[in-house]
file data-v2.pdb (PDB, C-alpha atoms, pLDDT in the B column)
MODEL        1
ATOM      1  CA  MET A  86      -9.923 -24.719   1.801  1.00 83.00           C
ATOM      2  CA  ARG A  87      -9.217 -27.053  -1.101  1.00 84.00           C
ATOM      3  CA  ASP A  88      -9.562 -30.109   1.131  1.00 90.00           C
ATOM      4  CA  GLN A  89     -12.878 -28.877   2.534  1.00 89.00           C
ATOM      5  CA  ILE A  90     -14.286 -28.389  -0.953  1.00 91.00           C
ATOM      6  CA  ARG A  91     -13.068 -31.819  -2.013  1.00 92.00           C
ATOM      7  CA  ARG A  92     -14.602 -33.518   1.035  1.00 94.00           C
ATOM      8  CA  ALA A  93     -17.954 -31.857   0.420  1.00 94.00           C
ATOM      9  CA  ALA A  94     -17.797 -32.655  -3.294  1.00 95.00           C
ATOM     10  CA  VAL A  95     -16.993 -36.318  -2.631  1.00 96.00           C
ATOM     11  CA  SER A  96     -19.861 -36.452  -0.148  1.00 96.00           C
ATOM     12  CA  VAL A  97     -22.396 -35.764  -2.928  1.00 97.00           C
ATOM     13  CA  PRO A  98     -21.991 -38.956  -5.008  1.00 95.00           C
ATOM     14  CA  SER A  99     -21.236 -40.981  -1.878  1.00 96.00           C
ATOM     15  CA  HIS A 100     -24.590 -40.109  -0.313  1.00 95.00           C
ATOM     16  CA  ILE A 101     -26.411 -40.628  -3.612  1.00 94.00           C
ATOM     17  CA  ALA A 102     -24.914 -44.113  -3.953  1.00 94.00           C
ATOM     18  CA  GLU A 103     -25.626 -44.996  -0.338  1.00 93.00           C
ATOM     19  CA  GLY A 104     -29.187 -43.710  -0.541  1.00 90.00           C
ATOM     20  CA  ASP A 105     -29.851 -45.619  -3.731  1.00 87.00           C
ATOM     21  CA  GLU A 106     -28.835 -48.887  -2.077  1.00 90.00           C
ATOM     22  CA  LEU A 107     -31.021 -48.503   1.007  1.00 84.00           C
ATOM     23  CA  HIS A 108     -34.157 -50.537   1.403  1.00 79.00           C
ATOM     24  CA  THR A 109     -36.662 -47.814   2.157  1.00 87.00           C
ATOM     25  CA  ASN A 110     -37.542 -44.648   0.315  1.00 89.00           C
ATOM     26  CA  ALA A 111     -37.363 -42.663   3.564  1.00 89.00           C
ATOM     27  CA  GLN A 112     -33.742 -43.696   4.106  1.00 90.00           C
ATOM     28  CA  ALA A 113     -32.877 -42.968   0.475  1.00 92.00           C
ATOM     29  CA  VAL A 114     -34.511 -39.533   0.598  1.00 93.00           C
ATOM     30  CA  ARG A 115     -32.593 -38.671   3.772  1.00 94.00           C
ATOM     31  CA  HIS A 116     -29.300 -39.377   1.975  1.00 95.00           C
ATOM     32  CA  PHE A 117     -30.404 -37.410  -1.095  1.00 96.00           C
ATOM     33  CA  TYR A 118     -31.130 -34.414   1.150  1.00 96.00           C
ATOM     34  CA  ILE A 119     -27.683 -34.751   2.701  1.00 96.00           C
ATOM     35  CA  ALA A 120     -26.153 -34.861  -0.798  1.00 97.00           C
ATOM     36  CA  ARG A 121     -28.116 -31.749  -1.754  1.00 97.00           C
ATOM     37  CA  GLY A 122     -26.834 -30.026   1.376  1.00 97.00           C
ATOM     38  CA  SER A 123     -23.304 -30.916   0.348  1.00 97.00           C
ATOM     39  CA  THR A 124     -23.830 -29.157  -2.985  1.00 98.00           C
ATOM     40  CA  ALA A 125     -24.756 -26.011  -1.054  1.00 97.00           C
ATOM     41  CA  GLU A 126     -21.653 -26.475   1.085  1.00 97.00           C
ATOM     42  CA  VAL A 127     -19.451 -26.671  -2.025  1.00 98.00           C
ATOM     43  CA  VAL A 128     -20.988 -23.469  -3.412  1.00 97.00           C
ATOM     44  CA  THR A 129     -20.495 -21.660  -0.099  1.00 97.00           C
ATOM     45  CA  GLN A 130     -16.887 -22.778   0.178  1.00 97.00           C
ATOM     46  CA  SER A 131     -16.361 -21.750  -3.426  1.00 97.00           C
ATOM     47  CA  MET A 132     -17.650 -18.256  -2.618  1.00 97.00           C
ATOM     48  CA  ILE A 133     -15.222 -18.032   0.273  1.00 97.00           C
ATOM     49  CA  ALA A 134     -12.374 -19.255  -1.946  1.00 96.00           C
ATOM     50  CA  LEU A 135     -13.297 -16.568  -4.476  1.00 97.00           C
ATOM     51  CA  GLU A 136     -13.359 -13.855  -1.822  1.00 97.00           C
ATOM     52  CA  ILE A 137      -9.924 -14.763  -0.502  1.00 96.00           C
ATOM     53  CA  GLY A 138      -8.469 -15.072  -3.982  1.00 96.00           C
ATOM     54  CA  ASP A 139      -7.943 -18.842  -4.125  1.00 95.00           C
ATOM     55  CA  ILE A 140     -10.086 -19.285  -7.247  1.00 95.00           C
ATOM     56  CA  THR A 141     -11.172 -17.090 -10.136  1.00 97.00           C
ATOM     57  CA  LEU A 142     -14.683 -15.812 -10.798  1.00 98.00           C
ATOM     58  CA  ALA A 143     -14.936 -18.165 -13.777  1.00 98.00           C
ATOM     59  CA  GLN A 144     -14.014 -21.141 -11.588  1.00 97.00           C
ATOM     60  CA  HIS A 145     -16.573 -20.143  -8.973  1.00 97.00           C
ATOM     61  CA  GLN A 146     -19.275 -19.696 -11.615  1.00 98.00           C
ATOM     62  CA  HIS A 147     -18.512 -23.135 -13.042  1.00 98.00           C
ATOM     63  CA  ILE A 148     -18.699 -24.742  -9.605  1.00 97.00           C
ATOM     64  CA  GLU A 149     -21.945 -22.943  -8.811  1.00 97.00           C
ATOM     65  CA  GLN A 150     -23.479 -23.949 -12.147  1.00 98.00           C
ATOM     66  CA  GLU A 151     -22.539 -27.609 -11.687  1.00 97.00           C
ATOM     67  CA  CYS A 152     -23.807 -27.689  -8.106  1.00 97.00           C
ATOM     68  CA  ASN A 153     -27.114 -26.100  -9.101  1.00 97.00           C
ATOM     69  CA  SER A 154     -27.527 -28.703 -11.836  1.00 97.00           C
ATOM     70  CA  ILE A 155     -26.785 -31.544  -9.421  1.00 97.00           C
ATOM     71  CA  ALA A 156     -29.164 -30.088  -6.820  1.00 97.00           C
ATOM     72  CA  LYS A 157     -31.961 -30.035  -9.425  1.00 97.00           C
ATOM     73  CA  MET A 158     -31.308 -33.686 -10.238  1.00 95.00           C
ATOM     74  CA  LEU A 159     -31.385 -34.499  -6.541  1.00 96.00           C
ATOM     75  CA  ASN A 160     -34.694 -32.663  -6.173  1.00 95.00           C
ATOM     76  CA  ARG A 161     -36.101 -34.905  -8.881  1.00 94.00           C
ATOM     77  CA  LEU A 162     -34.764 -38.037  -7.166  1.00 91.00           C
ATOM     78  CA  ILE A 163     -36.350 -36.883  -3.920  1.00 92.00           C
ATOM     79  CA  GLN A 164     -39.688 -36.328  -5.658  1.00 91.00           C
ATOM     80  CA  ILE A 165     -39.537 -39.779  -7.245  1.00 88.00           C
ATOM     81  CA  ARG A 166     -38.694 -41.542  -3.994  1.00 83.00           C
ATOM     82  CA  HIS A 167     -40.945 -39.424  -1.786  1.00 77.00           C
ATOM     83  CA  PRO A 168     -43.615 -37.662  -3.876  1.00 64.00           C
ATOM     84  CA  ILE A 169     -45.136 -35.771  -0.945  1.00 63.00           C
ATOM     85  CA  SER A 170     -41.838 -34.159   0.069  1.00 47.00           C
ATOM     86  CA  ASP A 171     -41.260 -30.422  -0.209  1.00 49.00           C
ATOM     87  CA  ALA A 172     -38.324 -30.747  -2.615  1.00 47.00           C
TER      88      ALA A 172
ENDMDL
END
call {"tool": "encode", "arguments": {"input": "data-v2.pdb", "output": "structure tokens"}}
result
Amino acid sequence: MRDQIRRAAVSVPSHIAEGDELHTNAQAVRHFYIARGSTAEVVTQSMIALEIGDITLAQHQHIEQECNSIAKMLNRLIQIRHPISDA
């Protein structure tokens, strides 16, 4: 479980960096959406970890709060790069 959460968490900044370096807004936005999906994956895995007793409620709440904050920032990046998107 820990490794899955780490992989998903590492995927977020990796896709942001890759998207930022691409030459078209469409390619960048695609990577930002993938990064946003990874934040949802981290939250989901955190909920599972909470349910099976691997993390505390406080840890889960912290993870969820951070992921929600990152997702909001990604939504803004998506809007900037692709203003007509449904972010």
call {"tool": "residues_around", "arguments": {"input": "data-v2.pdb", "residues": "region 108-125 of chain A", "least_positions_apart": "3", "cutoff": "10 Å", "atoms": "only C-alpha atoms", "output": "ChimeraX atom specification"}}
result
/A:90,92-105,128-131,148-149,151-167,170,172
call {"tool": "residues_around", "arguments": {"input": "data-v2.pdb", "residues": "Ile133 (chain A)", "least_positions_apart": "4", "cutoff": "12 Å", "atoms": "only C-alpha atoms", "output": "ChimeraX atom specification"}}
result
/A:86-87,89-90,126-129,137-142,145
call {"tool": "axis_aligned_box", "arguments": {"input": "data-v2.pdb", "around": "region 157-160 of chain A", "padding_each_side": "5 Å", "output": "JSON"}}
result
{"center_x": -33.0, "center_y": -32.3, "center_z": -8.2, "size_x": 13.4, "size_y": 14.5, "size_z": 14.1}
call {"tool": "build_atoms", "arguments": {"input": "data-v2.pdb", "residues": "region 104-120 of chain A", "atoms": "N, CA, C and O atoms", "output": "PDB file, in the frame of the given file"}}
result
ATOM      1  N   GLY A 104     -27.735 -43.825  -0.581  1.00 90.00           N
ATOM      2  CA  GLY A 104     -29.187 -43.710  -0.541  1.00 90.00           C
ATOM      3  C   GLY A 104     -29.861 -44.632  -1.535  1.00 90.00           C
ATOM      4  O   GLY A 104     -30.895 -45.235  -1.245  1.00 90.00           O
ATOM      5  N   ASP A 105     -29.270 -44.773  -2.694  1.00 87.00           N
ATOM      6  CA  ASP A 105     -29.851 -45.619  -3.731  1.00 87.00           C
ATOM      7  C   ASP A 105     -29.856 -47.094  -3.337  1.00 87.00           C
ATOM      8  O   ASP A 105     -30.692 -47.854  -3.790  1.00 87.00           O
ATOM      9  N   GLU A 106     -28.932 -47.488  -2.489  1.00 90.00           N
ATOM     10  CA  GLU A 106     -28.835 -48.887  -2.077  1.00 90.00           C
ATOM     11  C   GLU A 106     -29.673 -49.230  -0.841  1.00 90.00           C
ATOM     12  O   GLU A 106     -29.775 -50.390  -0.484  1.00 90.00           O
ATOM     13  N   LEU A 107     -30.255 -48.237  -0.208  1.00 84.00           N
ATOM     14  CA  LEU A 107     -31.021 -48.503   1.007  1.00 84.00           C
ATOM     15  C   LEU A 107     -32.380 -49.088   0.670  1.00 84.00           C
ATOM     16  O   LEU A 107     -32.906 -48.917  -0.426  1.00 84.00           O
ATOM     17  N   HIS A 108     -32.952 -49.759   1.650  1.00 79.00           N
ATOM     18  CA  HIS A 108     -34.157 -50.537   1.403  1.00 79.00           C
ATOM     19  C   HIS A 108     -35.457 -49.751   1.489  1.00 79.00           C
ATOM     20  O   HIS A 108     -36.485 -50.232   1.042  1.00 79.00           O
ATOM     21  N   THR A 109     -35.425 -48.589   2.065  1.00 87.00           N
ATOM     22  CA  THR A 109     -36.662 -47.814   2.157  1.00 87.00           C
ATOM     23  C   THR A 109     -36.485 -46.462   1.470  1.00 87.00           C
ATOM     24  O   THR A 109     -35.386 -45.904   1.427  1.00 87.00           O
ATOM     25  N   ASN A 110     -37.582 -45.961   0.946  1.00 89.00           N
ATOM     26  CA  ASN A 110     -37.542 -44.648   0.315  1.00 89.00           C
ATOM     27  C   ASN A 110     -37.181 -43.561   1.315  1.00 89.00           C
ATOM     28  O   ASN A 110     -36.466 -42.624   0.977  1.00 89.00           O
ATOM     29  N   ALA A 111     -37.667 -43.683   2.551  1.00 89.00           N
ATOM     30  CA  ALA A 111     -37.363 -42.663   3.564  1.00 89.00           C
ATOM     31  C   ALA A 111     -35.864 -42.569   3.818  1.00 89.00           C
ATOM     32  O   ALA A 111     -35.317 -41.465   3.922  1.00 89.00           O
ATOM     33  N   GLN A 112     -35.193 -43.706   3.904  1.00 90.00           N
ATOM     34  CA  GLN A 112     -33.742 -43.696   4.106  1.00 90.00           C
ATOM     35  C   GLN A 112     -33.032 -43.109   2.889  1.00 90.00           C
ATOM     36  O   GLN A 112     -32.078 -42.341   3.023  1.00 90.00           O
ATOM     37  N   ALA A 113     -33.492 -43.483   1.702  1.00 92.00           N
ATOM     38  CA  ALA A 113     -32.877 -42.968   0.475  1.00 92.00           C
ATOM     39  C   ALA A 113     -33.031 -41.449   0.409  1.00 92.00           C
ATOM     40  O   ALA A 113     -32.062 -40.732   0.135  1.00 92.00           O
ATOM     41  N   VAL A 114     -34.245 -40.970   0.670  1.00 93.00           N
ATOM     42  CA  VAL A 114     -34.511 -39.533   0.598  1.00 93.00           C
ATOM     43  C   VAL A 114     -33.637 -38.774   1.586  1.00 93.00           C
ATOM     44  O   VAL A 114     -33.114 -37.704   1.269  1.00 93.00           O
ATOM     45  N   ARG A 115     -33.459 -39.317   2.766  1.00 94.00           N
ATOM     46  CA  ARG A 115     -32.593 -38.671   3.772  1.00 94.00           C
ATOM     47  C   ARG A 115     -31.185 -38.475   3.206  1.00 94.00           C
ATOM     48  O   ARG A 115     -30.592 -37.397   3.335  1.00 94.00           O
ATOM     49  N   HIS A 116     -30.643 -39.492   2.555  1.00 95.00           N
ATOM     50  CA  HIS A 116     -29.300 -39.377   1.975  1.00 95.00           C
ATOM     51  C   HIS A 116     -29.271 -38.414   0.791  1.00 95.00           C
ATOM     52  O   HIS A 116     -28.276 -37.713   0.576  1.00 95.00           O
ATOM     53  N   PHE A 117     -30.343 -38.358   0.026  1.00 96.00           N
ATOM     54  CA  PHE A 117     -30.404 -37.410  -1.095  1.00 96.00           C
ATOM     55  C   PHE A 117     -30.430 -35.970  -0.580  1.00 96.00           C
ATOM     56  O   PHE A 117     -29.817 -35.085  -1.165  1.00 96.00           O
ATOM     57  N   TYR A 118     -31.134 -35.750   0.537  1.00 96.00           N
ATOM     58  CA  TYR A 118     -31.130 -34.414   1.150  1.00 96.00           C
ATOM     59  C   TYR A 118     -29.728 -34.046   1.646  1.00 96.00           C
ATOM     60  O   TYR A 118     -29.292 -32.900   1.498  1.00 96.00           O
ATOM     61  N   ILE A 119     -29.048 -35.013   2.230  1.00 96.00           N
ATOM     62  CA  ILE A 119     -27.683 -34.751   2.701  1.00 96.00           C
ATOM     63  C   ILE A 119     -26.787 -34.407   1.505  1.00 96.00           C
ATOM     64  O   ILE A 119     -25.988 -33.462   1.565  1.00 96.00           O
ATOM     65  N   ALA A 120     -26.932 -35.146   0.415  1.00 97.00           N
ATOM     66  CA  ALA A 120     -26.153 -34.861  -0.798  1.00 97.00           C
ATOM     67  C   ALA A 120     -26.458 -33.461  -1.311  1.00 97.00           C
ATOM     68  O   ALA A 120     -25.546 -32.715  -1.694  1.00 97.00           O
TER      69      ALA A 120
END
